[in-house]
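Okay, run31.pdb now, which holds PDB, C-alpha atoms:
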ATOM      1  CA  MET A  69     -49.208  -2.588  -1.840  1.00  0.00           C
ATOM      2  CA  LYS A  70     -46.683  -5.263  -2.759  1.00  0.00           C
ATOM      3  CA  LYS A  71     -46.852  -4.288  -6.413  1.00  0.00           C
ATOM      4  CA  PHE A  72     -46.329  -0.659  -5.463  1.00  0.00           C
ATOM      5  CA  ASN A  73     -43.144  -1.506  -3.491  1.00  0.00           C
ATOM      6  CA  ILE A  74     -41.815  -3.607  -6.368  1.00  0.00           C
ATOM      7  CA  TYR A  75     -42.622  -0.809  -8.807  1.00  0.00           C
ATOM      8  CA  ILE A  76     -40.687   1.717  -6.656  1.00  0.00           C
ATOM      9  CA  LEU A  77     -37.697  -0.645  -6.345  1.00  0.00           C
ATOM     10  CA  VAL A  78     -37.571  -1.202 -10.123  1.00  0.00           C
ATOM     11  CA  LEU A  79     -37.880   2.530 -10.767  1.00  0.00           C
ATOM     12  CA  LEU A  80     -35.135   3.271  -8.230  1.00  0.00           C
ATOM     13  CA  PHE A  81     -32.882   0.609  -9.765  1.00  0.00           C
ATOM     14  CA  LEU A  82     -33.384   2.007 -13.267  1.00  0.00           C
ATOM     15  CA  THR A  83     -32.674   5.549 -12.101  1.00  0.00           C
ATOM     16  CA  VAL A  84     -29.448   4.556 -10.322  1.00  0.00           C
ATOM     17  CA  SER A  85     -28.224   2.410 -13.202  1.00  0.00           C
ATOM     18  CA  ASN A  86     -29.001   5.098 -15.805  1.00  0.00           C
ATOM     19  CA  SER A  87     -27.155   7.774 -13.885  1.00  0.00           C
ATOM     20  CA  SER A  88     -24.060   5.588 -13.573  1.00  0.00           C
ATOM     21  CA  TYR A  89     -23.872   5.202 -17.361  1.00  0.00           C
ATOM     22  CA  GLY A  90     -23.671   8.982 -17.739  1.00  0.00           C
ATOM     23  CA  ASN A  91     -20.431   9.306 -15.765  1.00  0.00           C
ATOM     24  CA  ASN A  92     -17.441  10.565 -17.687  1.00  0.00           C
ATOM     25  CA  ILE A  93     -14.416   8.664 -16.383  1.00  0.00           C
ATOM     26  CA  VAL A  94     -10.789   8.994 -17.539  1.00  0.00           C
ATOM     27  CA  TYR A  95      -7.431   7.894 -16.170  1.00  0.00           C
ATOM     28  CA  ALA A  96      -3.938   9.339 -15.939  1.00  0.00           C
ATOM     29  CA  ASN A  97      -0.504   8.204 -14.812  1.00  0.00           C
ATOM     30  CA  LEU A  98       0.498  10.686 -12.106  1.00  0.00           C
ATOM     31  CA  ASP A  99       3.984   9.157 -11.788  1.00  0.00           C
ATOM     32  CA  ILE A 100       4.729  10.014 -15.404  1.00  0.00           C
ATOM     33  CA  ILE A 101       3.341  13.515 -14.934  1.00  0.00           C
ATOM     34  CA  SER A 102       5.345  14.206 -11.787  1.00  0.00           C
ATOM     35  CA  LYS A 103       8.586  12.701 -13.135  1.00  0.00           C
ATOM     36  CA  THR A 104       8.571  13.955 -16.730  1.00  0.00           C
ATOM     37  CA  SER A 105       7.128  17.434 -16.321  1.00  0.00           C
ATOM     38  CA  ILE A 106       9.590  20.305 -16.502  1.00  0.00           C
ATOM     39  CA  VAL A 107       9.261  21.132 -12.806  1.00  0.00           C
ATOM     40  CA  GLY A 108       9.266  17.434 -11.854  1.00  0.00           C
ATOM     41  CA  LYS A 109      12.579  16.947 -13.644  1.00  0.00           C
ATOM     42  CA  LYS A 110      14.008  20.006 -11.883  1.00  0.00           C
ATOM     43  CA  ILE A 111      12.954  18.615  -8.516  1.00  0.00           C
ATOM     44  CA  ILE A 112      14.516  15.227  -9.296  1.00  0.00           C
ATOM     45  CA  ASP A 113      17.750  16.858 -10.515  1.00  0.00           C
ATOM     46  CA  TYR A 114      17.890  19.122  -7.462  1.00  0.00           C
ATOM     47  CA  PHE A 115      17.648  16.244  -4.995  1.00  0.00           C
ATOM     48  CA  ASP A 116      19.938  13.979  -7.033  1.00  0.00           C
ATOM     49  CA  ASP A 117      22.543  16.752  -6.906  1.00  0.00           C
ATOM     50  CA  LYS A 118      22.003  17.235  -3.174  1.00  0.00           C
ATOM     51  CA  ASN A 119      22.416  13.497  -2.533  1.00  0.00           C
ATOM     52  CA  LYS A 120      25.526  13.376  -4.711  1.00  0.00           C
ATOM     53  CA  LYS A 121      27.101  16.256  -2.758  1.00  0.00           C
ATOM     54  CA  LEU A 122      26.335  14.477   0.505  1.00  0.00           C
ATOM     55  CA  LEU A 123      27.878  11.236  -0.784  1.00  0.00           C
ATOM     56  CA  ASP A 124      30.993  13.108  -1.949  1.00  0.00           C
ATOM     57  CA  GLU A 125      31.294  14.735   1.474  1.00  0.00           C
ATOM     58  CA  ILE A 126      30.888  11.349   3.168  1.00  0.00           C
ATOM     59  CA  LYS A 127      33.592   9.788   0.970  1.00  0.00           C
ATOM     60  CA  ILE A 128      36.040  12.581   1.803  1.00  0.00           C
ATOM     61  CA  ASN A 129      35.354  12.227   5.523  1.00  0.00           C
ATOM     62  CA  GLU A 130      35.588   8.421   5.319  1.00  0.00           C
ATOM     63  CA  LYS A 131      39.007   8.769   3.723  1.00  0.00           C
ATOM     64  CA  LYS A 132      40.132  11.034   6.588  1.00  0.00           C
ATOM     65  CA  ILE A 133      38.792   8.545   9.139  1.00  0.00           C
ATOM     66  CA  ARG A 134      40.612   5.646   7.442  1.00  0.00           C
ATOM     67  CA  GLU A 135      43.863   7.628   7.544  1.00  0.00           C
ATOM     68  CA  LYS A 136      43.285   8.306  11.241  1.00  0.00           C
ATOM     69  CA  GLU A 137      42.633   4.621  11.790  1.00  0.00           C
ATOM     70  CA  LYS A 138      45.894   3.666  10.043  1.00  0.00           C
ATOM     71  CA  SER A 139      47.763   6.200  12.144  1.00  0.00           C
ATOM     72  CA  LEU A 140      46.180   4.833  15.309  1.00  0.00           C
ATOM     73  CA  VAL A 141      47.035   1.227  14.386  1.00  0.00           C
ATOM     74  CA  SER A 142      50.637   2.215  13.688  1.00  0.00           C
ATOM     75  CA  GLN A 143      50.843   3.728  17.196  1.00  0.00           C
ATOM     76  CA  LYS A 144      49.631   0.553  18.885  1.00  0.00           C
ATOM     77  CA  ASN A 145      53.087  -0.741  19.778  1.00  0.00           C
ATOM     78  CA  ILE A 146      54.465   2.695  20.622  1.00  0.00           C
ATOM     79  CA  LEU A 147      51.784   3.905  23.055  1.00  0.00           C
ATOM     80  CA  GLU A 148      51.033   2.609  26.501  1.00  0.00           C
ATOM     81  CA  PRO A 149      48.059   0.208  26.511  1.00  0.00           C
ATOM     82  CA  GLU A 150      45.927   2.621  28.573  1.00  0.00           C
ATOM     83  CA  GLU A 151      46.695   5.590  26.320  1.00  0.00           C
ATOM     84  CA  PHE A 152      46.076   3.502  23.205  1.00  0.00           C
ATOM     85  CA  SER A 153      42.754   2.312  24.643  1.00  0.00           C
ATOM     86  CA  LYS A 154      41.700   5.945  25.287  1.00  0.00           C
ATOM     87  CA  LYS A 155      42.586   6.881  21.707  1.00  0.00           C
ATOM     88  CA  VAL A 156      40.630   3.883  20.373  1.00  0.00           C
ATOM     89  CA  ASP A 157      37.604   4.876  22.461  1.00  0.00           C
ATOM     90  CA  SER A 158      37.911   8.456  21.217  1.00  0.00           C
ATOM     91  CA  PHE A 159      38.166   7.188  17.645  1.00  0.00           C
ATOM     92  CA  LYS A 160      35.063   5.006  18.085  1.00  0.00           C
ATOM     93  CA  GLU A 161      33.169   8.019  19.427  1.00  0.00           C
ATOM     94  CA  GLU A 162      34.285  10.053  16.412  1.00  0.00           C
ATOM     95  CA  ILE A 163      32.984   7.332  14.074  1.00  0.00           C
ATOM     96  CA  LYS A 164      29.689   7.219  15.965  1.00  0.00           C
ATOM     97  CA  LYS A 165      29.269  11.007  15.622  1.00  0.00           C
ATOM     98  CA  PHE A 166      30.212  10.781  11.933  1.00  0.00           C
ATOM     99  CA  ASN A 167      27.527   8.143  11.294  1.00  0.00           C
ATOM    100  CA  GLN A 168      24.892  10.066  13.261  1.00  0.00           C
ATOM    101  CA  ALA A 169      25.660  13.281  11.366  1.00  0.00           C
ATOM    102  CA  ASN A 170      25.376  11.475   8.026  1.00  0.00           C
ATOM    103  CA  LYS A 171      22.063   9.879   8.989  1.00  0.00           C
ATOM    104  CA  SER A 172      20.768  13.243  10.135  1.00  0.00           C
ATOM    105  CA  LYS A 173      21.786  14.956   6.875  1.00  0.00           C
ATOM    106  CA  ALA A 174      20.198  12.176   4.784  1.00  0.00           C
ATOM    107  CA  ARG A 175      17.020  12.350   6.883  1.00  0.00           C
ATOM    108  CA  GLN A 176      16.961  16.136   6.404  1.00  0.00           C
ATOM    109  CA  ILE A 177      17.213  15.765   2.625  1.00  0.00           C
ATOM    110  CA  ASN A 178      14.411  13.177   2.627  1.00  0.00           C
ATOM    111  CA  LEU A 179      12.152  15.418   4.730  1.00  0.00           C
ATOM    112  CA  GLU A 180      12.779  18.310   2.378  1.00  0.00           C
ATOM    113  CA  LYS A 181      12.128  16.084  -0.640  1.00  0.00           C
ATOM    114  CA  ASP A 182       8.850  14.877   0.881  1.00  0.00           C
ATOM    115  CA  LYS A 183       7.671  18.446   1.522  1.00  0.00           C
ATOM    116  CA  VAL A 184       8.608  19.595  -1.976  1.00  0.00           C
ATOM    117  CA  SER A 185       6.956  16.541  -3.560  1.00  0.00           C
ATOM    118  CA  LYS A 186       3.776  17.042  -1.536  1.00  0.00           C
ATOM    119  CA  SER A 187       3.628  20.701  -2.516  1.00  0.00           C
ATOM    120  CA  PHE A 188       4.187  19.819  -6.180  1.00  0.00           C
ATOM    121  CA  LEU A 189       1.443  17.162  -6.057  1.00  0.00           C
ATOM    122  CA  ASP A 190      -0.892  19.737  -4.483  1.00  0.00           C
ATOM    123  CA  GLU A 191      -0.258  21.984  -7.497  1.00  0.00           C
ATOM    124  CA  ILE A 192      -0.909  19.055  -9.845  1.00  0.00           C
ATOM    125  CA  ASN A 193      -4.178  18.301  -8.006  1.00  0.00           C
ATOM    126  CA  LYS A 194      -5.345  21.878  -8.625  1.00  0.00           C
ATOM    127  CA  ILE A 195      -4.691  21.339 -12.324  1.00  0.00           C
ATOM    128  CA  LEU A 196      -6.533  17.993 -12.219  1.00  0.00           C
ATOM    129  CA  LYS A 197      -9.583  19.713 -10.732  1.00  0.00           C
ATOM    130  CA  GLU A 198      -9.459  22.454 -13.346  1.00  0.00           C
ATOM    131  CA  PHE A 199      -9.056  19.884 -16.141  1.00  0.00           C
ATOM    132  CA  ALA A 200     -12.007  17.849 -14.840  1.00  0.00           C
ATOM    133  CA  GLU A 201     -14.265  20.897 -14.626  1.00  0.00           C
ATOM    134  CA  LYS A 202     -13.233  22.256 -18.026  1.00  0.00           C
ATOM    135  CA  ASN A 203     -13.751  18.904 -19.787  1.00  0.00           C
ATOM    136  CA  ASN A 204     -16.872  17.831 -17.887  1.00  0.00           C
ATOM    137  CA  ILE A 205     -15.107  14.834 -16.319  1.00  0.00           C
ATOM    138  CA  ASP A 206     -16.684  13.172 -13.291  1.00  0.00           C
ATOM    139  CA  ILE A 207     -13.793  10.963 -12.191  1.00  0.00           C
ATOM    140  CA  ILE A 208     -10.053  10.847 -12.908  1.00  0.00           C
ATOM    141  CA  ILE A 209      -8.548   7.528 -11.840  1.00  0.00           C
ATOM    142  CA  SER A 210      -4.840   6.908 -11.337  1.00  0.00           C
ATOM    143  CA  SER A 211      -3.656   4.378 -13.911  1.00  0.00           C
ATOM    144  CA  ASN A 212      -1.645   2.681 -11.147  1.00  0.00           C
ATOM    145  CA  GLN A 213      -4.926   1.729  -9.471  1.00  0.00           C
ATOM    146  CA  MET A 214      -6.596   0.052 -12.437  1.00  0.00           C
ATOM    147  CA  LEU A 215      -6.006  -3.099 -14.406  1.00  0.00           C
ATOM    148  CA  ILE A 216      -6.956  -2.107 -17.940  1.00  0.00           C
ATOM    149  CA  GLY A 217      -8.693   0.688 -19.773  1.00  0.00           C
ATOM    150  CA  LYS A 218      -9.269   2.040 -23.242  1.00  0.00           C
ATOM    151  CA  SER A 219      -6.296   4.040 -24.416  1.00  0.00           C
ATOM    152  CA  ASP A 220      -8.562   6.856 -25.589  1.00  0.00           C
ATOM    153  CA  LEU A 221      -9.524   7.402 -21.927  1.00  0.00           C
ATOM    154  CA  ASP A 222      -5.877   8.080 -20.973  1.00  0.00           C
ATOM    155  CA  VAL A 223      -5.410  11.828 -20.437  1.00  0.00           C
ATOM    156  CA  THR A 224      -1.813  11.678 -19.143  1.00  0.00           C
ATOM    157  CA  SER A 225      -0.313  13.554 -22.100  1.00  0.00           C
ATOM    158  CA  LYS A 226      -2.976  16.292 -21.965  1.00  0.00           C
ATOM    159  CA  LEU A 227      -2.405  16.747 -18.239  1.00  0.00           C
ATOM    160  CA  LEU A 228       1.370  16.782 -18.717  1.00  0.00           C
ATOM    161  CA  ILE A 229       1.014  19.630 -21.204  1.00  0.00           C
ATOM    162  CA  MET A 230      -1.219  21.527 -18.758  1.00  0.00           C
ATOM    163  CA  VAL A 231       1.214  20.988 -15.873  1.00  0.00           C
ATOM    164  CA  ASN A 232       4.108  22.273 -17.988  1.00  0.00           C
ATOM    165  CA  GLU A 233       2.081  25.322 -19.009  1.00  0.00           C
ATOM    166  CA  LYS A 234       0.662  26.169 -15.585  1.00  0.00           C
ATOM    167  CA  ILE A 235       3.526  25.370 -13.182  1.00  0.00           C
ATOM    168  CA  LYS A 236       6.545  27.382 -14.202  1.00  0.00           C
ATOM    169  CA  ASN A 237       7.656  29.239 -11.090  1.00  0.00           C
ATOM    170  CA  PHE A 238       7.781  26.441  -8.537  1.00  0.00           C
ATOM    171  CA  GLU A 239      10.430  27.303  -5.943  1.00  0.00           C
ATOM    172  CA  ILE A 240      12.274  24.421  -4.340  1.00  0.00           C
ATOM    173  CA  LYS A 241      14.380  26.692  -2.121  1.00  0.00           C
ATOM    174  CA  LYS A 242      11.390  27.927  -0.079  1.00  0.00           C
ATOM    175  CA  TRP A 243      10.823  24.373   1.210  1.00  0.00           C
ATOM    176  CA  GLN A 244      14.312  23.916   2.600  1.00  0.00           C
ATOM    177  CA  ILE A 245      14.477  22.748   6.190  1.00  0.00           C
ATOM    178  CA  ASN A 246      17.242  24.169   8.338  1.00  0.00           C
TER     179      ASN A 246
END
Kindly present the structure from the file in structure tokens form.
Amino acid sequence: MKKFNIYILVLLFLTVSNSSYGNNIVYANLDIISKTSIVGKKIIDYFDDKNKKLLDEIKINEKKIREKEKSLVSQKNILEPEEFSKKVDSFKEEIKKFNQANKSKARQINLEKDKVSKSFLDEINKILKEFAEKNNIDIIISSNQMLIGKSDLDVTSKLLIMVNEKIKNFEIKKWQIN
């Protein structure tokens, strides 16, 4: 009976080890795919432009606030202390609202960017599945998660070509948050 158990364990071990050698494993750099694909570049450009417009708007409004501050400081000796204090409080409230509005706009852009990026990665995942099935691949590992691998196992460039061919009509506008 003991020999029978040992025989089954050895047979089981050999079966498991043999099946693991048959796995077809490759790796890809998803950061490169998402940042250098045609649609990925469009997404990056779109949000860079949106952030730049927000920064330009903030600079213009900051300039107006600084001018208001200079005007308020110049009125310090002219106005009654109580009236000046009310204007200072009003000015502080205006600055607080300005900062809150800017934070809200930046948060809105980041939420939109996250949704667009997630949707784009979902499309890339569909392509990864198709690529794996078509090429009889068992596992695709992210190159960010591994230490070293044979360069002939890197399928990043093949996947990048597929992403550029398959994802052409990705709409950023439909993900906007109002």
Please, which residues are within 7 Å of (38.9, 6.8, 13.6) by the file's coordinates, counting all atoms listed in the file, and could they come as a list of chain:residue names?
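Returned residue set, sorted by chain then number, is A:Ile133, A:Arg134, A:Lys136, A:Glu137, A:Phe159, A:Lys160, A:Glu162, A:Ile163.
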Atom CA of Ser185 of chain A to atom CA of Ile235 of chain A measures 13.5 Å
Residues matched by the PyMOL selection byres ((chain A and resi 228) around 12), written as a PyMOL selection string:
chain A and resi 96-108+192+195-196+199+222-227+229-235
Name the residues captured by the PyMOL selection byres ((chain A and resi 126) around 12) when it is applied to the shown file; answer as a PyMOL selection string.
chain A and resi 119-125+127-133+163+166-171+173-174
With only C-alpha atoms counted, which protein, DNA or RNA residues have an atom no more than 12 Å from (10.0, 15.0, 1.6) in the file frame? Please answer as a list in words.
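Returned residue set, sorted by chain then number, is Ile111, Ile112, Phe115, Ala174, Arg175, Gln176, Ile177, Asn178, Leu179, Glu180, Lys181, Asp182, Lys183, Val184, Ser185, Lys186, Ser187, Phe188, Leu189, Ile240, Trp243, Gln244 and Ile245 of chain A.
Computed from the coordinates, the atom CA of Ile208 of chain A to atom CA of Glu191 of chain A distance equals 15.8 Å.
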Using all atoms listed in the file, determine which residues lie at most 12 Å from Ser158 of chain A, disregarding the query and same-chain residues fewer than 6 positions distant; provide the list as a CSV table (one decimal) with C-alpha atoms, keeping the file's coordinate frame.
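Output contents, as saved in selection-v2.csv:
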chain,number,residue,atom,x,y,z
A,136,LYS,CA,43.3,8.3,11.2
A,137,GLU,CA,42.6,4.6,11.8
A,140,LEU,CA,46.2,4.8,15.3
A,151,GLU,CA,46.7,5.6,26.3
A,152,PHE,CA,46.1,3.5,23.2
A,164,LYS,CA,29.7,7.2,16.0
A,165,LYS,CA,29.3,11.0,15.6
